file model_0.pdb (PDB, C-alpha atoms)
ATOM      1  CA  MET A   1       8.377   9.396  -6.972
ATOM      2  CA  LYS A   2       9.371  10.970  -3.651
ATOM      3  CA  GLY A   3       6.224  13.077  -3.779
ATOM      4  CA  LEU A   4       4.045   9.976  -4.008
ATOM      5  CA  ILE A   5       5.828   8.415  -1.046
ATOM      6  CA  ILE A   6       5.331  11.563   1.032
ATOM      7  CA  ILE A   7       1.657  11.716   0.065
ATOM      8  CA  GLY A   8       1.279   8.020   0.993
ATOM      9  CA  ILE A   9       2.927   8.641   4.369
ATOM     10  CA  LEU A  10       0.671  11.610   5.062
ATOM     11  CA  ILE A  11      -2.442   9.695   4.018
ATOM     12  CA  THR A  12      -1.450   6.804   6.290
ATOM     13  CA  PHE A  13      -0.862   9.114   9.260
ATOM     14  CA  GLY A  14      -4.174  10.826   8.465
ATOM     15  CA  LEU A  15      -5.957   7.474   8.374
ATOM     16  CA  ILE A  16      -4.408   6.492  11.707
ATOM     17  CA  GLY A  17      -5.431   9.842  13.207
ATOM     18  CA  PHE A  18      -8.954   9.647  11.792
ATOM     19  CA  ASN A  19      -9.385   6.110  13.121
ATOM     20  CA  PHE A  20      -8.243   7.269  16.561
ATOM     21  CA  TYR A  21     -10.620  10.253  16.399
ATOM     22  CA  ARG A  22     -13.514   7.878  15.676
ATOM     23  CA  SER A  23     -12.727   5.085  18.119
ATOM     24  CA  LYS A  24     -10.596   6.716  20.876
ATOM     25  CA  GLU A  25      -8.628   3.476  21.272
ATOM     26  CA  TRP A  26      -5.211   4.417  22.637
ATOM     27  CA  LYS A  27      -3.851   0.892  22.346
ATOM     28  CA  LYS A  28      -4.676   0.577  18.643
ATOM     29  CA  PHE A  29      -3.399   4.106  17.996
ATOM     30  CA  SER A  30      -0.089   3.391  19.730
ATOM     31  CA  ILE A  31       0.414   0.091  17.932
ATOM     32  CA  SER A  32      -0.448   1.695  14.587
ATOM     33  CA  ILE A  33       2.071   4.496  15.078
ATOM     34  CA  ALA A  34       4.742   2.045  16.276
ATOM     35  CA  ILE A  35       4.408  -0.396  13.393
ATOM     36  CA  PHE A  36       4.246   2.421  10.851
ATOM     37  CA  THR A  37       7.420   3.885  12.357
ATOM     38  CA  ILE A  38       9.097   0.491  11.991
ATOM     39  CA  LEU A  39       7.959   0.404   8.367
ATOM     40  CA  LEU A  40       9.447   3.868   7.776
ATOM     41  CA  ILE A  41      12.737   2.617   9.247
ATOM     42  CA  PHE A  42      12.666  -0.221   6.702
ATOM     43  CA  VAL A  43      12.086   2.352   3.961
ATOM     44  CA  GLY A  44      15.032   4.372   5.260
ATOM     45  CA  LEU A  45      17.267   1.302   5.141
ATOM     46  CA  SER A  46      16.336   0.560   1.517
ATOM     47  CA  PRO A  47      19.368   2.314  -0.030
ATOM     48  CA  MET A  48      21.609  -0.039   1.940
ATOM     49  CA  VAL A  49      20.420  -3.062  -0.065
ATOM     50  CA  ARG A  50      20.441  -1.232  -3.388
ATOM     51  CA  THR A  51      23.784  -2.763  -4.375
ATOM     52  CA  VAL A  52      22.206  -6.204  -4.779
ATOM     53  CA  VAL A  53      19.362  -5.599  -7.211
ATOM     54  CA  PRO A  54      17.294  -8.794  -6.664
ATOM     55  CA  ILE A  55      17.309  -8.279  -2.908
ATOM     56  CA  PHE A  56      16.459  -4.607  -3.423
ATOM     57  CA  ILE A  57      13.451  -5.446  -5.602
ATOM     58  CA  ALA A  58      12.281  -8.058  -3.096
ATOM     59  CA  HIS A  59      12.744  -5.506  -0.308
ATOM     60  CA  LEU A  60      10.595  -2.925  -2.117
ATOM     61  CA  ILE A  61       7.861  -5.472  -2.808
ATOM     62  CA  LEU A  62       7.876  -6.564   0.839
ATOM     63  CA  ILE A  63       7.687  -2.934   1.945
ATOM     64  CA  LEU A  64       4.559  -2.440  -0.165
ATOM     65  CA  ILE A  65       3.023  -5.631   1.246
ATOM     66  CA  SER A  66       3.971  -4.513   4.752
ATOM     67  CA  TRP A  67       2.399  -1.107   4.149
ATOM     68  CA  ALA A  68      -0.799  -2.870   3.100
ATOM     69  CA  GLY A  69      -0.583  -4.879   6.342
ATOM     70  CA  VAL A  70      -0.377  -1.662   8.358
ATOM     71  CA  LEU A  71      -3.381  -0.229   6.550
ATOM     72  CA  TYR A  72      -5.272  -3.495   7.067
ATOM     73  CA  TYR A  73      -4.578  -3.256  10.798
ATOM     74  CA  VAL A  74      -5.748   0.343  10.931
ATOM     75  CA  ILE A  75      -8.955  -0.382   9.023
ATOM     76  CA  ARG A  76      -9.869  -3.917  10.168
ATOM     77  CA  GLY A  77      -8.003  -4.294  13.445
ATOM     78  CA  ARG A  78      -6.244  -7.571  12.570
ATOM     79  CA  LEU A  79      -2.512  -7.499  13.184
ATOM     80  CA  TYR A  80      -0.255  -9.705  11.057
ATOM     81  CA  LEU A  81       3.265  -9.151  12.386
ATOM     82  CA  GLN A  82       4.760 -11.679   9.969
ATOM     83  CA  VAL A  83       3.596  -9.550   7.061
ATOM     84  CA  ILE A  84       4.550  -6.245   8.645
ATOM     85  CA  LEU A  85       8.054  -7.366   9.642
ATOM     86  CA  SER A  86       8.762  -9.205   6.373
ATOM     87  CA  PRO A  87      11.152  -6.505   5.003
ATOM     88  CA  ALA A  88      13.496  -7.454   7.847
ATOM     89  CA  VAL A  89      14.094 -10.765   6.046
ATOM     90  CA  THR A  90      15.673  -9.015   3.059
ATOM     91  CA  LEU A  91      17.806  -6.868   5.338
ATOM     92  CA  ILE A  92      19.043  -9.934   7.224
ATOM     93  CA  LEU A  93      19.670 -11.757   3.944
ATOM     94  CA  PHE A  94      21.669  -8.793   2.658
ATOM     95  CA  LEU A  95      23.759  -8.605   5.834
ATOM     96  CA  LEU A  96      24.457 -12.344   5.695
ATOM     97  CA  LEU A  97      25.409 -12.064   2.045
ATOM     98  CA  GLU A  98      27.767  -9.186   2.806
ATOM     99  CA  ARG A  99      29.309 -11.181   5.648
ATOM    100  CA  VAL A 100      29.881 -14.288   3.520
ATOM    101  CA  VAL A 101      30.848 -12.732   0.187
ATOM    102  CA  GLY A 102      32.092  -9.310   1.264
ATOM    103  CA  SER A 103      31.599  -5.957  -0.395
ATOM    104  CA  GLY A 104      33.762  -6.778  -3.390
ATOM    105  CA  SER A 105      36.043  -3.779  -3.004
TER     106      SER A 105
END

call {"tool": "encode", "arguments": {"input": "model_0.pdb", "output": "structure tokens"}}
result
Amino acid sequence: MKGLIIIGILITFGLIGFNFYRSKEWKKFSISIAIFTILLIFVGLSPMVRTVVPIFIAHLILILISWAGVLYYVIRGRLYLQVILSPAVTLILFLLLERVVGSGS
């Protein structure tokens, strides 16, 4: 599973690099790298929400949708920040749930 994620990350960076090589648009390149970095931060925060399984599953689904949004921006040039930042909703929900209910220990 980790191998597939690494291959997906490398393919995405390769696609971003290839698109920059073709178009030489610094603005699009910078935005692509920035939003993909934000997405990788969301992936890195995934183990935090693992304790609440429904939120974890929703978080993983939103990460996949967000990844598709990044690829859509790289290929088509249309930026949908609501889609790309959607995994933040599950993180905020998890933090609110932890604040209200507590960790249970």

call {"tool": "atom_distance", "arguments": {"input": "model_0.pdb", "atom1": "atom CA of A:Ile65", "atom2": "atom CA of A:Val100"}}
result
28.3 Å

call {"tool": "closest_residue", "arguments": {"input": "model_0.pdb", "among": "A:Met48, A:Ile9, A:Ile31, A:Ala58", "to": "A:Leu95", "atoms": "all atoms listed in the file"}}
result
A:Met48

call {"tool": "atom_distance", "arguments": {"input": "model_0.pdb", "atom1": "atom CA of A:Tyr72", "atom2": "atom CA of A:Ser32"}}
result
10.3 Å

call {"tool": "residues_around", "arguments": {"input": "model_0.pdb", "residues": "A:Leu15", "least_positions_apart": "6", "cutoff": "9 Å", "atoms": "only C-alpha atoms", "output": "number ranges by chain"}}
result
A: 71, 74-75

call {"tool": "resolve_selection", "arguments": {"input": "model_0.pdb", "expression": "the PyMOL selection byres ((chain A and resi 16-20) around 9)", "output": "compact mmCIF listing (two decimals) with C-alpha atoms, in the coordinates of the input"}}
result
# COMPACT_ATOMS: atom_id res chain seq x y z
CA ILE A 11 -2.44 9.70 4.02
CA THR A 12 -1.45 6.80 6.29
CA PHE A 13 -0.86 9.11 9.26
CA GLY A 14 -4.17 10.83 8.46
CA LEU A 15 -5.96 7.47 8.37
CA TYR A 21 -10.62 10.25 16.40
CA ARG A 22 -13.51 7.88 15.68
CA SER A 23 -12.73 5.08 18.12
CA LYS A 24 -10.60 6.72 20.88
CA GLU A 25 -8.63 3.48 21.27
CA TRP A 26 -5.21 4.42 22.64
CA LYS A 28 -4.68 0.58 18.64
CA PHE A 29 -3.40 4.11 18.00
CA SER A 32 -0.45 1.70 14.59
CA ILE A 33 2.07 4.50 15.08
CA LEU A 71 -3.38 -0.23 6.55
CA VAL A 74 -5.75 0.34 10.93
CA ILE A 75 -8.96 -0.38 9.02

call {"tool": "closest_residue", "arguments": {"input": "model_0.pdb", "among": "A:Lys2, A:Arg99, A:Arg50, A:Ser66", "to": "A:Leu79", "atoms": "only C-alpha atoms"}}
result
A:Ser66

call {"tool": "closest_residue", "arguments": {"input": "model_0.pdb", "among": "A:Leu64, A:Thr37, A:Val49, A:Phe56", "to": "A:Ile5", "atoms": "all atoms listed in the file"}}
result
A:Leu64

call {"tool": "closest_residue", "arguments": {"input": "model_0.pdb", "among": "A:Val52, A:Glu98, A:Leu91, A:Lys27", "to": "A:Gly77", "atoms": "all atoms listed in the file"}}
result
A:Lys27

call {"tool": "build_atoms", "arguments": {"input": "model_0.pdb", "residues": "stretch 70-81 of chain A", "atoms": "all heavy atoms", "output": "PDB file, in the coordinates of the input"}}
result
ATOM      1  N   VAL A  70      -0.124  -2.744   7.397  1.00  0.00           N
ATOM      2  CA  VAL A  70      -0.377  -1.662   8.358  1.00  0.00           C
ATOM      3  C   VAL A  70      -1.754  -1.056   8.120  1.00  0.00           C
ATOM      4  O   VAL A  70      -2.535  -0.853   9.061  1.00  0.00           O
ATOM      5  CB  VAL A  70       0.718  -0.572   8.261  1.00  0.00           C
ATOM      6  CG1 VAL A  70       0.336   0.650   9.091  1.00  0.00           C
ATOM      7  CG2 VAL A  70       2.057  -1.111   8.696  1.00  0.00           C
ATOM      8  N   LEU A  71      -2.068  -0.795   6.863  1.00  0.00           N
ATOM      9  CA  LEU A  71      -3.381  -0.229   6.550  1.00  0.00           C
ATOM     10  C   LEU A  71      -4.506  -1.202   6.912  1.00  0.00           C
ATOM     11  O   LEU A  71      -5.571  -0.784   7.388  1.00  0.00           O
ATOM     12  CB  LEU A  71      -3.451   0.155   5.076  1.00  0.00           C
ATOM     13  CG  LEU A  71      -2.555   1.318   4.655  1.00  0.00           C
ATOM     14  CD1 LEU A  71      -2.640   1.533   3.157  1.00  0.00           C
ATOM     15  CD2 LEU A  71      -2.907   2.578   5.409  1.00  0.00           C
ATOM     16  N   TYR A  72      -4.276  -2.487   6.696  1.00  0.00           N
ATOM     17  CA  TYR A  72      -5.272  -3.495   7.067  1.00  0.00           C
ATOM     18  C   TYR A  72      -5.512  -3.481   8.576  1.00  0.00           C
ATOM     19  O   TYR A  72      -6.646  -3.602   9.034  1.00  0.00           O
ATOM     20  CB  TYR A  72      -4.820  -4.883   6.597  1.00  0.00           C
ATOM     21  CG  TYR A  72      -5.870  -5.951   6.760  1.00  0.00           C
ATOM     22  CD1 TYR A  72      -6.917  -6.046   5.858  1.00  0.00           C
ATOM     23  CD2 TYR A  72      -5.813  -6.850   7.813  1.00  0.00           C
ATOM     24  CE1 TYR A  72      -7.883  -7.020   6.001  1.00  0.00           C
ATOM     25  CE2 TYR A  72      -6.768  -7.834   7.964  1.00  0.00           C
ATOM     26  CZ  TYR A  72      -7.809  -7.914   7.052  1.00  0.00           C
ATOM     27  OH  TYR A  72      -8.772  -8.870   7.213  1.00  0.00           O
ATOM     28  N   TYR A  73      -4.417  -3.323   9.350  1.00  0.00           N
ATOM     29  CA  TYR A  73      -4.578  -3.256  10.798  1.00  0.00           C
ATOM     30  C   TYR A  73      -5.352  -2.010  11.213  1.00  0.00           C
ATOM     31  O   TYR A  73      -6.215  -2.079  12.091  1.00  0.00           O
ATOM     32  CB  TYR A  73      -3.220  -3.277  11.496  1.00  0.00           C
ATOM     33  CG  TYR A  73      -3.339  -3.068  12.988  1.00  0.00           C
ATOM     34  CD1 TYR A  73      -3.929  -4.038  13.788  1.00  0.00           C
ATOM     35  CD2 TYR A  73      -2.914  -1.896  13.591  1.00  0.00           C
ATOM     36  CE1 TYR A  73      -4.072  -3.856  15.151  1.00  0.00           C
ATOM     37  CE2 TYR A  73      -3.055  -1.701  14.953  1.00  0.00           C
ATOM     38  CZ  TYR A  73      -3.628  -2.680  15.722  1.00  0.00           C
ATOM     39  OH  TYR A  73      -3.784  -2.489  17.070  1.00  0.00           O
ATOM     40  N   VAL A  74      -5.059  -0.900  10.578  1.00  0.00           N
ATOM     41  CA  VAL A  74      -5.748   0.343  10.931  1.00  0.00           C
ATOM     42  C   VAL A  74      -7.240   0.240  10.602  1.00  0.00           C
ATOM     43  O   VAL A  74      -8.086   0.645  11.404  1.00  0.00           O
ATOM     44  CB  VAL A  74      -5.111   1.550  10.202  1.00  0.00           C
ATOM     45  CG1 VAL A  74      -5.951   2.798  10.363  1.00  0.00           C
ATOM     46  CG2 VAL A  74      -3.698   1.782  10.714  1.00  0.00           C
ATOM     47  N   ILE A  75      -7.558  -0.337   9.461  1.00  0.00           N
ATOM     48  CA  ILE A  75      -8.955  -0.382   9.023  1.00  0.00           C
ATOM     49  C   ILE A  75      -9.726  -1.527   9.684  1.00  0.00           C
ATOM     50  O   ILE A  75     -10.821  -1.334  10.210  1.00  0.00           O
ATOM     51  CB  ILE A  75      -9.021  -0.497   7.484  1.00  0.00           C
ATOM     52  CG1 ILE A  75      -8.468   0.785   6.861  1.00  0.00           C
ATOM     53  CG2 ILE A  75     -10.445  -0.752   7.013  1.00  0.00           C
ATOM     54  CD1 ILE A  75      -8.256   0.695   5.374  1.00  0.00           C
ATOM     55  N   ARG A  76      -9.154  -2.731   9.682  1.00  0.00           N
ATOM     56  CA  ARG A  76      -9.869  -3.917  10.168  1.00  0.00           C
ATOM     57  C   ARG A  76      -9.551  -4.320  11.602  1.00  0.00           C
ATOM     58  O   ARG A  76     -10.318  -5.026  12.226  1.00  0.00           O
ATOM     59  CB  ARG A  76      -9.582  -5.112   9.262  1.00  0.00           C
ATOM     60  CG  ARG A  76     -10.036  -4.947   7.854  1.00  0.00           C
ATOM     61  CD  ARG A  76     -11.500  -5.145   7.771  1.00  0.00           C
ATOM     62  NE  ARG A  76     -11.901  -5.043   6.371  1.00  0.00           N
ATOM     63  CZ  ARG A  76     -13.094  -5.289   5.941  1.00  0.00           C
ATOM     64  NH1 ARG A  76     -14.010  -5.678   6.781  1.00  0.00           N
ATOM     65  NH2 ARG A  76     -13.384  -5.139   4.682  1.00  0.00           N
ATOM     66  N   GLY A  77      -8.360  -3.948  12.080  1.00  0.00           N
ATOM     67  CA  GLY A  77      -8.003  -4.294  13.445  1.00  0.00           C
ATOM     68  C   GLY A  77      -7.308  -5.628  13.610  1.00  0.00           C
ATOM     69  O   GLY A  77      -7.069  -6.070  14.722  1.00  0.00           O
ATOM     70  N   ARG A  78      -6.961  -6.291  12.498  1.00  0.00           N
ATOM     71  CA  ARG A  78      -6.244  -7.571  12.570  1.00  0.00           C
ATOM     72  C   ARG A  78      -4.775  -7.318  12.320  1.00  0.00           C
ATOM     73  O   ARG A  78      -4.398  -6.767  11.300  1.00  0.00           O
ATOM     74  CB  ARG A  78      -6.776  -8.541  11.525  1.00  0.00           C
ATOM     75  CG  ARG A  78      -8.254  -8.785  11.676  1.00  0.00           C
ATOM     76  CD  ARG A  78      -8.718 -10.145  11.962  1.00  0.00           C
ATOM     77  NE  ARG A  78      -7.742 -11.157  12.154  1.00  0.00           N
ATOM     78  CZ  ARG A  78      -7.924 -12.403  11.785  1.00  0.00           C
ATOM     79  NH1 ARG A  78      -9.023 -12.745  11.182  1.00  0.00           N
ATOM     80  NH2 ARG A  78      -7.013 -13.308  12.036  1.00  0.00           N
ATOM     81  N   LEU A  79      -3.943  -7.747  13.249  1.00  0.00           N
ATOM     82  CA  LEU A  79      -2.512  -7.499  13.184  1.00  0.00           C
ATOM     83  C   LEU A  79      -1.783  -8.751  12.707  1.00  0.00           C
ATOM     84  O   LEU A  79      -1.870  -9.809  13.337  1.00  0.00           O
ATOM     85  CB  LEU A  79      -1.985  -7.079  14.557  1.00  0.00           C
ATOM     86  CG  LEU A  79      -0.520  -6.702  14.667  1.00  0.00           C
ATOM     87  CD1 LEU A  79      -0.217  -5.501  13.780  1.00  0.00           C
ATOM     88  CD2 LEU A  79      -0.174  -6.383  16.107  1.00  0.00           C
ATOM     89  N   TYR A  80      -1.069  -8.623  11.597  1.00  0.00           N
ATOM     90  CA  TYR A  80      -0.255  -9.705  11.057  1.00  0.00           C
ATOM     91  C   TYR A  80       1.207  -9.269  11.104  1.00  0.00           C
ATOM     92  O   TYR A  80       1.723  -8.646  10.173  1.00  0.00           O
ATOM     93  CB  TYR A  80      -0.660 -10.030   9.614  1.00  0.00           C
ATOM     94  CG  TYR A  80      -2.054 -10.588   9.487  1.00  0.00           C
ATOM     95  CD1 TYR A  80      -3.100  -9.813   8.993  1.00  0.00           C
ATOM     96  CD2 TYR A  80      -2.320 -11.891   9.871  1.00  0.00           C
ATOM     97  CE1 TYR A  80      -4.372 -10.338   8.879  1.00  0.00           C
ATOM     98  CE2 TYR A  80      -3.594 -12.421   9.763  1.00  0.00           C
ATOM     99  CZ  TYR A  80      -4.614 -11.635   9.266  1.00  0.00           C
ATOM    100  OH  TYR A  80      -5.878 -12.151   9.160  1.00  0.00           O
ATOM    101  N   LEU A  81       1.880  -9.585  12.211  1.00  0.00           N
ATOM    102  CA  LEU A  81       3.265  -9.151  12.386  1.00  0.00           C
ATOM    103  C   LEU A  81       4.207  -9.808  11.383  1.00  0.00           C
ATOM    104  O   LEU A  81       5.203  -9.206  10.995  1.00  0.00           O
ATOM    105  CB  LEU A  81       3.742  -9.428  13.807  1.00  0.00           C
ATOM    106  CG  LEU A  81       3.345  -8.385  14.840  1.00  0.00           C
ATOM    107  CD1 LEU A  81       3.844  -8.783  16.217  1.00  0.00           C
ATOM    108  CD2 LEU A  81       3.862  -7.025  14.460  1.00  0.00           C
TER     109      LEU A  81
END
